[in-house]
Amino acid sequence: EKAVRLAGQLRPELVVMDIVMPGEMDGIAAAAAIRDAYGIPVVFLTAHADEEFMGRAKAVGPLGYILKPFNEAQINATIDIALHNSRLARQLRESEVRYRAIVDQVEDPICRFDADQRLRFFNDATCRIFKRSPAELEGALFSDLLSADQAASFERCLAGLDSERQGGLFEHAVETASGERCWLQWSLRGLMDENGRPAEYQAVGRDITVRMGIEATLRKRSRALEQQCEADRRELAEKTALLAELETTLKVILRHKEADRDSVQQSVISNVQGL
């Protein structure tokens, strides 16, 4: 307990802890308490190398072991390596925190899932889109977030990804928290293993609701234009037929007039000859 209290007061960069210590809490339990409370890494110092001790010690995640008896060069080298690894790990955690903060601020959903389609990483936008908490999404099947038809389309898209074609697009509709219909387009990318098979997938979505609305409007206007063109074509055909009928009637009338004229001429000639 004293070691845990001192670690909290002094906040060292590294703790070298003997596994066997007097009191109810041994070095392994103390190291676990220090790690959980303050995040301080530990190097174990021990004369024990049996499976029971080693198994418990490994669970704490130490940065090294120093087996007794030891010399100064050995302990210095172990501490130097442990400090180096600790600093690298801290830099990595800080980088992950910065990366996570950036990704969570992105409005578009971003996620990764393994070869079994189980989600392993996702940002806040993914939670909002699918109306799920982080606990509900962690380890969930991506296809379970879709309808049966959408899942089938998604499976076909994944099946087409390989070492030659590593990317694909998948679109589907979702209902937002406000009850509105939203369209998403996912850019899927397969991350291949050494055998050229997808080991993991990365998916970046974007809202294409506006685009889908524009396309729907264009299709509606296109159908309306086609219907108008068809109506105009029928009207033109009707008017053409009417004009043809009128032309035929006019020709008949003209023929009758010519016949009447010929008859009048013949009558006049006959009357003149009879004088």
# chains A, B, ... in the order shown; residues from 1 in each chain; ligands from 1

$ residues_around --residues "Ile81 (chain A)" --least-positions-apart "6" --cutoff "12 Å" --atoms "only C-alpha atoms" --output "VMD selection string"
chain A and resid 14 43 63 to 65 74 to 75 87 to 88

$ write_last_selection --atoms "N, CA and C atoms" --output "mmCIF file, in the first residue's frame"
data_model
loop_
_atom_site.group_PDB
_atom_site.id
_atom_site.type_symbol
_atom_site.label_atom_id
_atom_site.label_comp_id
_atom_site.auth_asym_id
_atom_site.auth_seq_id
_atom_site.Cartn_x
_atom_site.Cartn_y
_atom_site.Cartn_z
ATOM 1 N N LEU A 14 8.761 5.571 -14.162
ATOM 2 C CA LEU A 14 8.840 4.117 -14.158
ATOM 3 C C LEU A 14 8.992 3.629 -12.725
ATOM 4 N N VAL A 43 8.586 -2.351 -14.087
ATOM 5 C CA VAL A 43 9.544 -3.419 -14.357
ATOM 6 C C VAL A 43 9.611 -4.284 -13.103
ATOM 7 N N LEU A 63 6.932 -3.725 -18.432
ATOM 8 C CA LEU A 63 7.829 -3.410 -19.533
ATOM 9 C C LEU A 63 9.116 -4.222 -19.478
ATOM 10 N N GLY A 64 9.239 -5.074 -18.485
ATOM 11 C CA GLY A 64 10.434 -5.906 -18.408
ATOM 12 C C GLY A 64 10.519 -6.680 -17.108
ATOM 13 N N TYR A 65 11.440 -7.634 -17.063
ATOM 14 C CA TYR A 65 11.715 -8.448 -15.877
ATOM 15 C C TYR A 65 13.214 -8.404 -15.607
ATOM 16 N N GLN A 74 23.037 -4.895 -16.040
ATOM 17 C CA GLN A 74 21.776 -5.535 -16.440
ATOM 18 C C GLN A 74 20.573 -4.674 -16.065
ATOM 19 N N ILE A 75 20.578 -4.162 -14.828
ATOM 20 C CA ILE A 75 19.427 -3.374 -14.393
ATOM 21 C C ILE A 75 19.358 -2.036 -15.133
ATOM 22 N N ARG A 87 8.040 5.658 -23.302
ATOM 23 C CA ARG A 87 7.873 6.935 -23.994
ATOM 24 C C ARG A 87 7.236 6.737 -25.373
ATOM 25 N N LEU A 88 7.667 5.676 -26.063
ATOM 26 C CA LEU A 88 7.061 5.382 -27.365
ATOM 27 C C LEU A 88 5.572 5.072 -27.214
#

$ residues_around --residues "Met54 (chain A)" --least-positions-apart "5" --cutoff "12 Å" --atoms "only C-alpha atoms" --output "MDAnalysis selection string"
chainID A and resid 19 28 44:49 59:62 64:65 67

$ write_last_selection --atoms "N, CA, C and O atoms" --output "PDB file, in the first residue's frame"
ATOM      1  N   ILE A  19       8.529  -8.449  -6.812  1.00  0.00           N
ATOM      2  CA  ILE A  19       7.264  -9.195  -6.753  1.00  0.00           C
ATOM      3  C   ILE A  19       6.945  -9.607  -5.325  1.00  0.00           C
ATOM      4  O   ILE A  19       5.809  -9.486  -4.863  1.00  0.00           O
ATOM      5  N   ILE A  28       2.975  -7.760  -7.470  1.00  0.00           N
ATOM      6  CA  ILE A  28       2.122  -7.829  -8.662  1.00  0.00           C
ATOM      7  C   ILE A  28       0.833  -7.044  -8.444  1.00  0.00           C
ATOM      8  O   ILE A  28       0.412  -6.264  -9.292  1.00  0.00           O
ATOM      9  N   PHE A  44       9.425  -5.588 -13.261  1.00  0.00           N
ATOM     10  CA  PHE A  44       9.430  -6.486 -12.103  1.00  0.00           C
ATOM     11  C   PHE A  44      10.840  -6.961 -11.783  1.00  0.00           C
ATOM     12  O   PHE A  44      11.630  -7.279 -12.676  1.00  0.00           O
ATOM     13  N   LEU A  45      11.089  -7.028 -10.496  1.00  0.00           N
ATOM     14  CA  LEU A  45      12.347  -7.545  -9.964  1.00  0.00           C
ATOM     15  C   LEU A  45      12.000  -8.770  -9.141  1.00  0.00           C
ATOM     16  O   LEU A  45      11.213  -8.703  -8.192  1.00  0.00           O
ATOM     17  N   THR A  46      12.556  -9.940  -9.524  1.00  0.00           N
ATOM     18  CA  THR A  46      12.144 -11.153  -8.829  1.00  0.00           C
ATOM     19  C   THR A  46      13.172 -12.257  -8.978  1.00  0.00           C
ATOM     20  O   THR A  46      13.970 -12.275  -9.915  1.00  0.00           O
ATOM     21  N   ALA A  47      13.107 -13.163  -8.029  1.00  0.00           N
ATOM     22  CA  ALA A  47      13.906 -14.382  -8.119  1.00  0.00           C
ATOM     23  C   ALA A  47      13.032 -15.546  -8.568  1.00  0.00           C
ATOM     24  O   ALA A  47      13.513 -16.670  -8.722  1.00  0.00           O
ATOM     25  N   HIS A  48      11.732 -15.286  -8.745  1.00  0.00           N
ATOM     26  CA  HIS A  48      10.781 -16.339  -9.117  1.00  0.00           C
ATOM     27  C   HIS A  48      10.505 -16.296 -10.618  1.00  0.00           C
ATOM     28  O   HIS A  48      10.231 -15.238 -11.168  1.00  0.00           O
ATOM     29  N   ALA A  49      10.573 -17.448 -11.254  1.00  0.00           N
ATOM     30  CA  ALA A  49      10.288 -17.539 -12.679  1.00  0.00           C
ATOM     31  C   ALA A  49       9.307 -18.665 -12.971  1.00  0.00           C
ATOM     32  O   ALA A  49       9.223 -19.143 -14.096  1.00  0.00           O
ATOM     33  N   ALA A  59      -0.163 -10.467 -16.787  1.00  0.00           N
ATOM     34  CA  ALA A  59      -1.475  -9.820 -16.836  1.00  0.00           C
ATOM     35  C   ALA A  59      -1.390  -8.335 -16.516  1.00  0.00           C
ATOM     36  O   ALA A  59      -2.241  -7.542 -16.932  1.00  0.00           O
ATOM     37  N   VAL A  60      -0.350  -7.921 -15.774  1.00  0.00           N
ATOM     38  CA  VAL A  60      -0.179  -6.507 -15.424  1.00  0.00           C
ATOM     39  C   VAL A  60       0.410  -5.728 -16.604  1.00  0.00           C
ATOM     40  O   VAL A  60       0.261  -4.508 -16.691  1.00  0.00           O
ATOM     41  N   GLY A  61       1.069  -6.417 -17.541  1.00  0.00           N
ATOM     42  CA  GLY A  61       1.680  -5.756 -18.688  1.00  0.00           C
ATOM     43  C   GLY A  61       2.952  -5.014 -18.347  1.00  0.00           C
ATOM     44  O   GLY A  61       3.103  -3.830 -18.691  1.00  0.00           O
ATOM     45  N   PRO A  62       3.930  -5.642 -17.667  1.00  0.00           N
ATOM     46  CA  PRO A  62       5.173  -4.948 -17.319  1.00  0.00           C
ATOM     47  C   PRO A  62       6.020  -4.676 -18.554  1.00  0.00           C
ATOM     48  O   PRO A  62       5.857  -5.329 -19.594  1.00  0.00           O
ATOM     49  N   GLY A  64       9.239  -5.074 -18.485  1.00  0.00           N
ATOM     50  CA  GLY A  64      10.434  -5.906 -18.408  1.00  0.00           C
ATOM     51  C   GLY A  64      10.519  -6.680 -17.108  1.00  0.00           C
ATOM     52  O   GLY A  64       9.736  -6.443 -16.167  1.00  0.00           O
ATOM     53  N   TYR A  65      11.440  -7.634 -17.063  1.00  0.00           N
ATOM     54  CA  TYR A  65      11.715  -8.448 -15.877  1.00  0.00           C
ATOM     55  C   TYR A  65      13.214  -8.404 -15.607  1.00  0.00           C
ATOM     56  O   TYR A  65      14.027  -8.460 -16.535  1.00  0.00           O
ATOM     57  N   LEU A  67      15.682 -10.663 -13.321  1.00  0.00           N
ATOM     58  CA  LEU A  67      15.763 -11.849 -12.471  1.00  0.00           C
ATOM     59  C   LEU A  67      16.984 -11.744 -11.554  1.00  0.00           C
ATOM     60  O   LEU A  67      18.076 -11.367 -11.996  1.00  0.00           O
TER      61      LEU A  67
END

$ select_by_dssp --residues "region 116-250 of chain A" --states "alpha helix (DSSP H)" --output "NGL selection string"
:A and (124-130 or 134-137 or 148-159 or 209-250)

$ write_last_selection --atoms "C-alpha atoms" --output "short mmCIF file (atom, residue, chain, number, x, y, z; two decimals), in the first residue's frame"
data_model
loop_
_atom_site.label_atom_id
_atom_site.label_comp_id
_atom_site.auth_asym_id
_atom_site.auth_seq_id
_atom_site.Cartn_x
_atom_site.Cartn_y
_atom_site.Cartn_z
CA ASP A 124 -19.24 9.28 -33.40
CA ALA A 125 -20.91 9.92 -36.76
CA THR A 126 -21.32 6.16 -37.26
CA CYS A 127 -23.13 5.93 -33.92
CA ARG A 128 -25.43 8.79 -34.91
CA ILE A 129 -26.20 7.39 -38.35
CA PHE A 130 -27.16 3.94 -37.06
CA PRO A 134 -20.53 2.69 -28.87
CA ALA A 135 -21.14 -0.37 -26.66
CA GLU A 136 -23.80 -1.61 -29.08
CA LEU A 137 -21.60 -1.13 -32.14
CA ALA A 148 -32.06 -7.81 -45.72
CA ASP A 149 -31.94 -6.31 -49.24
CA GLN A 150 -29.24 -3.83 -48.25
CA ALA A 151 -27.18 -6.57 -46.59
CA ALA A 152 -27.35 -8.69 -49.76
CA SER A 153 -26.12 -5.75 -51.85
CA PHE A 154 -23.38 -5.08 -49.29
CA GLU A 155 -22.26 -8.73 -49.39
CA ARG A 156 -22.02 -8.61 -53.19
CA CYS A 157 -19.87 -5.49 -52.97
CA LEU A 158 -17.51 -7.12 -50.46
CA ALA A 159 -17.30 -10.30 -52.53
CA THR A 209 -29.30 12.63 -49.83
CA VAL A 210 -29.12 15.88 -51.81
CA ARG A 211 -27.68 14.10 -54.83
CA MET A 212 -30.33 11.38 -54.66
CA GLY A 213 -33.01 14.06 -54.40
CA ILE A 214 -31.65 15.85 -57.47
CA GLU A 215 -31.46 12.57 -59.39
CA ALA A 216 -35.04 11.72 -58.39
CA THR A 217 -36.20 15.17 -59.56
CA LEU A 218 -34.33 14.75 -62.85
CA ARG A 219 -35.91 11.32 -63.37
CA LYS A 220 -39.35 12.74 -62.61
CA ARG A 221 -38.81 15.61 -65.04
CA SER A 222 -37.43 13.23 -67.63
CA ARG A 223 -40.54 11.03 -67.35
CA ALA A 224 -42.76 14.13 -67.55
CA LEU A 225 -40.85 15.29 -70.65
CA GLU A 226 -41.18 11.85 -72.24
CA GLN A 227 -44.92 11.84 -71.50
CA GLN A 228 -45.26 15.35 -72.96
CA CYS A 229 -43.30 14.32 -76.04
CA GLU A 230 -45.51 11.28 -76.45
CA ALA A 231 -48.64 13.44 -76.06
CA ASP A 232 -47.26 15.93 -78.62
CA ARG A 233 -46.46 13.05 -80.97
CA ARG A 234 -50.00 11.70 -80.71
CA GLU A 235 -51.46 15.18 -81.22
CA LEU A 236 -49.23 15.71 -84.27
CA ALA A 237 -50.27 12.32 -85.66
CA GLU A 238 -53.94 13.21 -85.14
CA LYS A 239 -53.52 16.59 -86.83
CA THR A 240 -51.57 15.00 -89.68
CA ALA A 241 -54.37 12.47 -90.19
CA LEU A 242 -56.95 15.29 -90.09
CA LEU A 243 -54.99 17.29 -92.66
CA ALA A 244 -54.78 14.23 -94.89
CA GLU A 245 -58.54 13.77 -94.58
CA LEU A 246 -59.14 17.44 -95.39
CA GLU A 247 -56.81 17.17 -98.38
CA THR A 248 -58.74 14.17 -99.66
CA THR A 249 -62.07 16.01 -99.21
CA LEU A 250 -60.68 19.08 -100.96
#

$ closest_residue --among "A:Arg100, A:Arg189, A:Arg255, A:Arg35" --to "Asp114 (chain A)" --atoms "only C-alpha atoms"
A:Arg189

$ select_by_dssp --residues "region 60-89 of chain A" --states "strand (DSSP E or B)" --output "count of residues only"
4

$ atom_distance --atom1 "CA of Val252 (chain A)" --atom2 "CA of Ser267 (chain A)"
22.6 Å

$ residues_around --residues "Pro12 (chain A)" --least-positions-apart "6" --cutoff "12 Å" --atoms "only C-alpha atoms" --output "list in words"
Ala3, Val4, Arg5, Leu6, Ile34, Arg35, Tyr38, Gly39, Ile40, Pro41, Val42, Leu83 and Ser86 of chain A

$ write_last_selection --atoms "C-alpha atoms" --output "CSV table (one decimal), in the first residue's frame"
chain,number,residue,atom,x,y,z
A,3,ALA,CA,4.3,1.8,-2.7
A,4,VAL,CA,1.0,2.7,-4.3
A,5,ARG,CA,0.7,5.9,-2.2
A,6,LEU,CA,4.3,7.0,-3.0
A,34,ILE,CA,-0.3,1.7,-9.7
A,35,ARG,CA,-1.0,1.0,-13.4
A,38,TYR,CA,-1.8,6.4,-12.4
A,39,GLY,CA,-0.9,4.7,-15.6
A,40,ILE,CA,2.8,4.3,-14.5
A,41,PRO,CA,4.6,1.4,-16.2
A,42,VAL,CA,6.4,-1.3,-14.1
A,83,LEU,CA,11.8,3.9,-20.4
A,86,SER,CA,7.2,3.6,-22.2

$ decode --residues "region 39-147 of chain A" --atoms "C-alpha atoms" --output "short mmCIF file (atom, residue, chain, number, x, y, z; two decimals), in the first residue's frame"
data_model
loop_
_atom_site.label_atom_id
_atom_site.label_comp_id
_atom_site.auth_asym_id
_atom_site.auth_seq_id
_atom_site.Cartn_x
_atom_site.Cartn_y
_atom_site.Cartn_z
CA GLY A 39 -0.86 4.69 -15.63
CA ILE A 40 2.76 4.30 -14.50
CA PRO A 41 4.59 1.37 -16.15
CA VAL A 42 6.43 -1.26 -14.11
CA VAL A 43 9.54 -3.42 -14.36
CA PHE A 44 9.43 -6.49 -12.10
CA LEU A 45 12.35 -7.55 -9.96
CA THR A 46 12.14 -11.15 -8.83
CA ALA A 47 13.91 -14.38 -8.12
CA HIS A 48 10.78 -16.34 -9.12
CA ALA A 49 10.29 -17.54 -12.68
CA ASP A 50 7.61 -20.19 -12.17
CA GLU A 51 4.44 -20.21 -14.27
CA GLU A 52 2.12 -18.99 -11.52
CA PHE A 53 4.13 -15.82 -10.83
CA MET A 54 4.88 -15.21 -14.50
CA GLY A 55 1.23 -15.64 -15.48
CA ARG A 56 0.07 -13.09 -12.90
CA ALA A 57 2.90 -10.74 -13.80
CA LYS A 58 2.12 -10.85 -17.53
CA ALA A 59 -1.48 -9.82 -16.84
CA VAL A 60 -0.18 -6.51 -15.42
CA GLY A 61 1.68 -5.76 -18.69
CA PRO A 62 5.17 -4.95 -17.32
CA LEU A 63 7.83 -3.41 -19.53
CA GLY A 64 10.43 -5.91 -18.41
CA TYR A 65 11.71 -8.45 -15.88
CA ILE A 66 14.93 -8.46 -13.92
CA LEU A 67 15.76 -11.85 -12.47
CA LYS A 68 17.85 -12.11 -9.35
CA PRO A 69 20.78 -12.21 -9.01
CA PHE A 70 21.46 -9.21 -11.22
CA ASN A 71 24.28 -6.73 -11.82
CA GLU A 72 24.27 -2.98 -12.33
CA ALA A 73 24.74 -3.17 -16.11
CA GLN A 74 21.78 -5.54 -16.44
CA ILE A 75 19.43 -3.37 -14.39
CA ASN A 76 20.54 -0.17 -16.18
CA ALA A 77 19.98 -1.73 -19.61
CA THR A 78 16.54 -3.06 -18.64
CA ILE A 79 15.46 0.32 -17.22
CA ASP A 80 16.76 2.21 -20.28
CA ILE A 81 14.83 -0.07 -22.63
CA ALA A 82 11.71 0.11 -20.45
CA LEU A 83 11.82 3.92 -20.36
CA HIS A 84 12.29 4.07 -24.14
CA ASN A 85 9.34 1.73 -24.73
CA SER A 86 7.24 3.64 -22.21
CA ARG A 87 7.87 6.94 -23.99
CA LEU A 88 7.06 5.38 -27.36
CA ALA A 89 3.85 3.94 -25.96
CA ARG A 90 2.89 7.30 -24.46
CA GLN A 91 3.54 9.06 -27.78
CA LEU A 92 1.43 6.44 -29.54
CA ARG A 93 -1.44 6.90 -27.07
CA GLU A 94 -1.27 10.68 -27.47
CA SER A 95 -1.26 10.28 -31.24
CA GLU A 96 -4.27 7.97 -31.04
CA VAL A 97 -6.10 10.48 -28.85
CA ARG A 98 -5.41 13.28 -31.37
CA TYR A 99 -6.41 11.06 -34.28
CA ARG A 100 -9.56 9.96 -32.47
CA ALA A 101 -10.51 13.57 -31.72
CA ILE A 102 -10.12 14.50 -35.40
CA VAL A 103 -12.08 11.49 -36.63
CA ASP A 104 -14.90 12.08 -34.13
CA GLN A 105 -15.28 15.66 -35.36
CA VAL A 106 -15.83 14.48 -38.94
CA GLU A 107 -19.51 14.58 -39.88
CA ASP A 108 -19.22 11.56 -42.17
CA PRO A 109 -19.25 8.03 -40.71
CA ILE A 110 -15.91 6.19 -40.68
CA CYS A 111 -15.42 2.62 -39.51
CA ARG A 112 -13.33 -0.51 -39.83
CA PHE A 113 -14.42 -4.10 -39.54
CA ASP A 114 -12.56 -7.40 -39.69
CA ALA A 115 -12.88 -10.23 -42.20
CA ASP A 116 -15.93 -11.48 -40.28
CA GLN A 117 -17.53 -8.02 -40.69
CA ARG A 118 -17.34 -7.25 -36.96
CA LEU A 119 -16.84 -3.57 -36.23
CA ARG A 120 -13.50 -2.79 -34.56
CA PHE A 121 -13.35 0.97 -35.03
CA PHE A 122 -15.97 3.65 -35.65
CA ASN A 123 -16.41 7.35 -35.03
CA ASP A 124 -19.24 9.28 -33.40
CA ALA A 125 -20.91 9.92 -36.76
CA THR A 126 -21.32 6.16 -37.26
CA CYS A 127 -23.13 5.93 -33.92
CA ARG A 128 -25.43 8.79 -34.91
CA ILE A 129 -26.20 7.39 -38.35
CA PHE A 130 -27.16 3.94 -37.06
CA LYS A 131 -28.67 5.25 -33.79
CA ARG A 132 -26.48 2.93 -31.71
CA SER A 133 -24.27 3.49 -28.69
CA PRO A 134 -20.53 2.69 -28.87
CA ALA A 135 -21.14 -0.37 -26.66
CA GLU A 136 -23.80 -1.61 -29.08
CA LEU A 137 -21.60 -1.13 -32.14
CA GLU A 138 -18.40 -2.63 -30.74
CA GLY A 139 -18.08 -6.11 -32.27
CA ALA A 140 -21.44 -5.86 -34.08
CA LEU A 141 -21.79 -7.21 -37.60
CA PHE A 142 -21.95 -4.40 -40.13
CA SER A 143 -24.54 -6.30 -42.16
CA ASP A 144 -26.81 -6.49 -39.08
CA LEU A 145 -27.15 -2.70 -39.28
CA LEU A 146 -28.78 -3.04 -42.72
CA SER A 147 -32.04 -4.39 -44.04
#
